[in-house]
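Visitor: Below is the structure I would like to discuss, written out as structure tokens.
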Amino acid sequence: MRDFFIKSLEVVINVIVVIAAIGIIVAAGIAFVSGDAAAAQYGVGGVAAGLMILIGGGIYLTIMAGFMYLGIGIYQNTKRTAELLEQRAT
């Protein structure tokens with residue numbers, strides 16, 4: 001039962017990462033497209049804003065996904081180590 005929840009967590013993390021990546025691309029695209037009107041009126045938007053969203057969002061997503069996958073990896077390694085030690089003990 002425990003393995004089911006761990007595998008389910010991996011699937012949920014995969015889905016969240018993909019949705020976040022799509023969100024970053026969509027937000028950057030909106031900043032690119034709406035940049036001309038917003039830059040003229042408010043001084044924000046445009047290519048620079050779109051690039052900053054892509055770069056900043058990509059770095060943030062990479063770090064957060066890395067930490068989530070690191071936690072799952074630690075669990076997997078601990079599980080394999082425990083199984084190996086049980087085999088060697090008998």
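As shown in the structure tokens, the chain order sets the letters A, B, ...; within each chain, residues go from 1, and ligands are also counted from 1 in the order they appear.
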Can you pull out every residue within 7 Å of Ile24 of chain A, counting only C-alpha atoms, but drop anything in the same chain fewer than 2 positions away, and send it as a list in words?
Guide: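 Skipping anything fewer than 2 positions along the chain leaves Ala20, Ala21, Ile22, Val26, Ala27, Ala28, Ile53, Leu54 and Gly57 of chain A.
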Visitor: Nearest to Met52 of chain A: which of A:Val18, A:Leu70, A:Leu9, A:Phe32 is it, counting only C-alpha atoms?
Guide: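 Residue with the minimum atom-to-atom distance to Met52 of chain A: A:Phe32.
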Visitor: Can you work out which one of A:Ile13, A:Met1, A:Val47, A:Ala31 has the shortest atom-to-atom distance to Ile72 of chain A, counting only C-alpha atoms?
Guide: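 Counting only C-alpha atoms, the residue closest to Ile72 of chain A is A:Ile13.
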Visitor: Can you pull out the residues contacting Asp3 of chain A? Cut-off 12 Å, using only C-alpha atoms, and skip same-chain residues under 5 positions away; I want them as an MDAnalysis selection string.
Guide: chainID A and resid 8:10 72 75:76 79
